[in-house]
Amino acid sequence: MAILIRTHGNAPEVEKDHWAMLQAGAGAEVFPALRGKHVLLPLGLYLHEEDEARSQLAGVGVWLDSHEQAEVLAERLERLPIIAINFPVFSDGRGYTLARALRELGFAGEIRAQGDVLRDQLCFMQRCGFDSFALRKDQDTEDCLAAFEDFSASYTTTTQQPQPLFRRRS
Amino acid sequence: MYRYDGYDSKMLEERVRQFRGQTQRYLDGSLSDSEFLPLRLQNGLYVQRLAPMLRIAIPYGMLNATQLRKLAFISSHYDKGYGHFTTRQNIQFNWPALEDVPELLKHLAEVEMHAIQTSGNCIRNTTTDQFAGVAANELEDSRPYCEIIRQWSTFHPEFAYLPRKFKIAVCGTEEDQAATQVHDIGIYLKRNDSGEIGFQILAGGGLGRTPVIGQVVFEYVDKCDLLSALEAILRVYNREGRRDNRYKARIKILVRETGLEAFKAKVFAEWDKLHGGALTLTDSEIARCKGYFQDPAYENCGDAPHELTDALARDVMFASWHSNNVSPHKRPGYAAVTVSFKKTGYAPGDVSEEQLRLLADLAERYSFGEVRITHNQNVVLADVPQTRLFELYSSLAAGALEADNLNSLNDIICCPGGDFCALANAKSIPIAEAIQRKFDDRGLLADIGEVSLNISGCMNACGHHHVGNIGILGVDKKGAEFYQVSLGGSSKRQAALGKILGPSFAQEEIPEVIANVIAVYRDQKTPGESFLETVQRTGLDPFKARVYSKD
């Protein structure tokens, strides 16, 4: 089973990944083969087949690609334990805005970064609301754990510190 | 000027340490070229034609004497003894070795300087009018708001991987020396109908391949809403700006393809969520930032003291320099001096180690220890007592800085061009020099009057050629370097994009072409009419007729 980094509160830890991911384009016909599993569904499939998925799978989550919008999930956030956001390439910055939008919509579950997830982006990802990180396979996990310590403060608002520095400076 | 507190210093230290680690991982092979690329760019480091180029941030152009001396040290230890002032009021060095950059950044951090976000697809150094705080016709000093924006945009976690670079300018003066309207976001201090001062915010301006004048998105926002308004625009841009084609990725293309009204609707929808939230500026924060830009300890004195008038009467060279390079000041008895870095034979904007040290000394002696870099690649001593102008002038020649050509045809804005830059299609510095030699005559330049001439070595437009009264663009024609000339551009309040004169010219033709353009102006001008006004009145036809005449 793959591993990932999760930050409960602020301290990052290495954990096993309990979620399987279904690629875009898959349909409900694959559910029987995944019976009893926790599965991240692509957005389209999740929106159309949520009930069917729930009846067959042990756990249902969803993943958004970087061009998809958070708002379509607004009515379903309470039912979702996890939303993953895909980084097709690490330099595609839309995922940061997506994560913040989900947190601002009130989503309190796990937001996972998946895809091209690298050490040097982890700190800012966490600040935008990600709390789980499915690293690209070649990443050094120990080194990645240290990345969360890159900066001790932020000027602007973050998920962890919703008050910008100018409101806290004395 | 702004001084770091414990938070600023600590974050900067952490940044230096972070980049040291990234550079180490790149050198040992665990970070690929493409993964290291945005990391080094966000620390100002390009890989250039001859060597890496490091661009160092000078927030809204302000430097103190200590920082100038540190830049002099860096130019001698890590470069070949000179640097280059850019059109974003920054300085760049063309020779530092990649492996030395972390140590170089540590030296900079000692004087509260860095290279953060001077490149890459992120929010760049915020610029402003070089006369902010001393201009007589200013609504309010823009620098405290530049500093507020600097802090908000530095390490903004959401906007580090935008579709493309993002530039912001703030302006509080009537004339606008900041080219505000050709920025991704341009901000004017503005008084509303109730007499309060807030901001007008434009978006979608820019130069490069597709030059566009920005359009008003927020007609007026209160001061406290500055950051929420900016965040709303950036959010829409980050989410919806094009990422499929880097030449269509700037916000100007998003605004054009979305349509201004639809774009505004998206921004306002986003602003509805942010407005009144934690980003709302507090009075105490505005007051805190204003506190860093208080007037220095001016003495009570009057305008036109005898020390000045005597010197003007006896020294015509000084009088010429005074007439061109000295600007009025809000405070009686003081003046703002612009030191020209456009002396003929010197690359525009280039500054040597010795000149950096001289500037530091002059700043301490004559202008409360501070200077400002201008987007025209010159340097301003903003608070000089008029009694000491002659003394200051007399000290400039030691650094070859006495040129009296400010705002003249020879005050050329010029990118480094093909001599240094890997992107350039053509050289630009030799073109500037050839023009300067052609017009290197005090009387002639004075007679021509105010003309802005801008040269870019490629369509990325670092020399802002679109908004030069005369613009020159280097183009590649089947491997040969040619130059396209445009007329009528302006970066001031009445911003305008120049129109292309016609087919491009070979390098050696350019000085004669410019001479012909100037000759047409002198034939056509009505009394008191500037070059730009003549071009606007006559259009391009008389210029075309002369320049392309077969005789």
# chains A, B, ... in the order shown; residues from 1 in each chain; ligands from 1
>>> interface_residues(of="chain A", to="chain B", cutoff="7 Å", atoms="only C-alpha atoms", output="ChimeraX atom specification")
/A:91-94,96-97,124,127-128,150-151,153,155-156,163-164,166
>>> write_last_selection(atoms="C-alpha atoms", output="mmCIF file, in the first residue's frame")
data_model
loop_
_atom_site.group_PDB
_atom_site.id
_atom_site.type_symbol
_atom_site.label_atom_id
_atom_site.label_comp_id
_atom_site.auth_asym_id
_atom_site.auth_seq_id
_atom_site.Cartn_x
_atom_site.Cartn_y
_atom_site.Cartn_z
ATOM 1 C CA SER A 91 3.779 24.377 -11.854
ATOM 2 C CA ASP A 92 0.005 24.357 -12.449
ATOM 3 C CA GLY A 93 -1.049 26.623 -9.580
ATOM 4 C CA ARG A 94 -4.814 26.270 -9.881
ATOM 5 C CA TYR A 96 -3.911 26.179 -4.561
ATOM 6 C CA THR A 97 -6.956 28.309 -5.308
ATOM 7 C CA PHE A 124 2.544 26.589 0.412
ATOM 8 C CA ARG A 127 -0.978 26.976 3.838
ATOM 9 C CA CYS A 128 -3.745 26.805 1.238
ATOM 10 C CA ASP A 150 10.685 25.967 5.545
ATOM 11 C CA PHE A 151 8.914 29.059 6.872
ATOM 12 C CA ALA A 153 5.452 32.702 9.498
ATOM 13 C CA TYR A 155 2.540 37.677 5.773
ATOM 14 C CA THR A 156 -0.874 36.902 4.387
ATOM 15 C CA GLN A 163 -5.279 36.402 10.617
ATOM 16 C CA PRO A 164 -2.705 38.090 8.383
ATOM 17 C CA PHE A 166 -0.496 42.826 10.052
#
>>> residues_around(residues="Gln23 in chain A", least_positions_apart="4", cutoff="12 Å", atoms="only C-alpha atoms", output="PyMOL selection string")
chain A and resi 27+30+39-46+62-65+86+115
>>> residues_around(residues="Gly449 in chain B", least_positions_apart="5", cutoff="9 Å", atoms="only C-alpha atoms", output="list in words")
Asn407, Ser408, Leu409, Leu444, Ser530 and Phe531 of chain B
>>> write_last_selection(atoms="N, CA and C atoms", output="tab-separated table (two decimals), in the first residue's frame")
chain	number	residue	atom	x	y	z
B	407	ASN	N	15.25	63.28	-19.62
B	407	ASN	CA	14.00	63.49	-20.38
B	407	ASN	C	14.25	63.94	-21.82
B	408	SER	N	15.52	63.94	-22.23
B	408	SER	CA	15.81	64.30	-23.62
B	408	SER	C	15.82	63.03	-24.46
B	409	LEU	N	16.01	63.23	-25.75
B	409	LEU	CA	16.10	62.10	-26.68
B	409	LEU	C	17.17	61.10	-26.24
B	444	LEU	N	21.34	71.07	-29.31
B	444	LEU	CA	20.40	70.34	-30.16
B	444	LEU	C	19.36	69.62	-29.30
B	530	SER	N	5.23	69.73	-27.92
B	530	SER	CA	6.22	68.67	-27.70
B	530	SER	C	6.20	67.69	-28.86
B	531	PHE	N	7.21	66.84	-28.89
B	531	PHE	CA	7.29	65.82	-29.93
B	531	PHE	C	6.02	64.97	-29.95
>>> residues_around(residues="His183 in chain B", least_positions_apart="4", cutoff="7 Å", atoms="only C-alpha atoms", output="PDB file with C-alpha atoms, in the first residue's frame")
ATOM      1  CA  LYS B 167       3.297  43.177 -12.217  1.00  0.00           C
ATOM      2  CA  ILE B 168       1.692  45.822 -10.027  1.00  0.00           C
ATOM      3  CA  ALA B 169       2.330  49.575  -9.954  1.00  0.00           C
ATOM      4  CA  GLY B 205      -2.516  46.282 -18.969  1.00  0.00           C
ATOM      5  CA  GLY B 206       0.828  45.060 -20.195  1.00  0.00           C
ATOM      6  CA  GLY B 214      -5.260  48.540 -18.557  1.00  0.00           C
TER       7      GLY B 214
END
>>> atom_distance(atom1="CA of Leu473 in chain B", atom2="CA of Ser456 in chain B")
5.0 Å
>>> closest_residue(among="A:Ser55, A:Gln69, A:Thr158, A:Gln139", to="Met125 in chain A", atoms="only C-alpha atoms")
A:Thr158
>>> atom_distance(atom1="CA of His275 in chain B", atom2="CA of Cys122 in chain B")
23.0 Å
>>> residues_around(residues="Arg76 in chain A", least_positions_apart="2", cutoff="12 Å", atoms="only C-alpha atoms", output="ChimeraX atom specification")
/A:43,46-47,50,60-62,70-74,78-83,102,105-107,109
>>> select_by_dssp(residues="chain A", states="strand (DSSP E or B)", output="number ranges by chain")
A: 3-8, 11-16, 19-21, 38-42, 59-64, 82-87, 110-115, 132-133
>>> closest_residue(among="A:Ala108, A:Ala33, A:Ala147, A:Ala2", to="Gln126 in chain A", atoms="only C-alpha atoms")
A:Ala147
>>> residues_around(residues="range 193-196 of chain B", least_positions_apart="3", cutoff="12 Å", atoms="only C-alpha atoms", output="PyMOL selection string")
chain B and resi 139-140+189-190+199+219-223
>>> write_last_selection(atoms="C-alpha atoms", output="mmCIF file, in the first residue's frame")
data_model
loop_
_atom_site.group_PDB
_atom_site.id
_atom_site.type_symbol
_atom_site.label_atom_id
_atom_site.label_comp_id
_atom_site.auth_asym_id
_atom_site.auth_seq_id
_atom_site.Cartn_x
_atom_site.Cartn_y
_atom_site.Cartn_z
ATOM 1 C CA LEU B 139 -2.517 63.154 -3.793
ATOM 2 C CA GLU B 140 -0.759 60.998 -1.226
ATOM 3 C CA LEU B 189 -4.619 56.924 -5.438
ATOM 4 C CA LYS B 190 -7.973 58.613 -6.002
ATOM 5 C CA PHE B 199 -7.849 53.630 -4.915
ATOM 6 C CA GLU B 219 -13.588 52.673 -9.991
ATOM 7 C CA TYR B 220 -13.012 53.337 -6.301
ATOM 8 C CA VAL B 221 -12.280 51.197 -3.261
ATOM 9 C CA ASP B 222 -11.639 52.379 0.269
ATOM 10 C CA LYS B 223 -8.079 52.102 1.483
#
>>> residues_around(residues="Arg35 in chain A", least_positions_apart="6", cutoff="9 Å", atoms="only C-alpha atoms", output="PDB file with N, CA and C atoms, in the first residue's frame")
ATOM      1  N   GLN A  56     -22.011   0.367  -3.168  1.00  0.00           N
ATOM      2  CA  GLN A  56     -21.079  -0.730  -3.442  1.00  0.00           C
ATOM      3  C   GLN A  56     -19.723  -0.582  -2.748  1.00  0.00           C
ATOM      4  N   LEU A  57     -19.331   0.625  -2.454  1.00  0.00           N
ATOM      5  CA  LEU A  57     -17.970   0.842  -1.953  1.00  0.00           C
ATOM      6  C   LEU A  57     -17.981   1.102  -0.457  1.00  0.00           C
ATOM      7  N   ALA A  58     -16.866   0.816   0.198  1.00  0.00           N
ATOM      8  CA  ALA A  58     -16.787   1.033   1.642  1.00  0.00           C
ATOM      9  C   ALA A  58     -16.654   2.513   1.972  1.00  0.00           C
TER      10      ALA A  58
END
>>> select_by_dssp(residues="range 8-155 of chain A", states="alpha helix (DSSP H)", output="number ranges by chain")
A: 43-56, 94-104, 122-127, 141-147
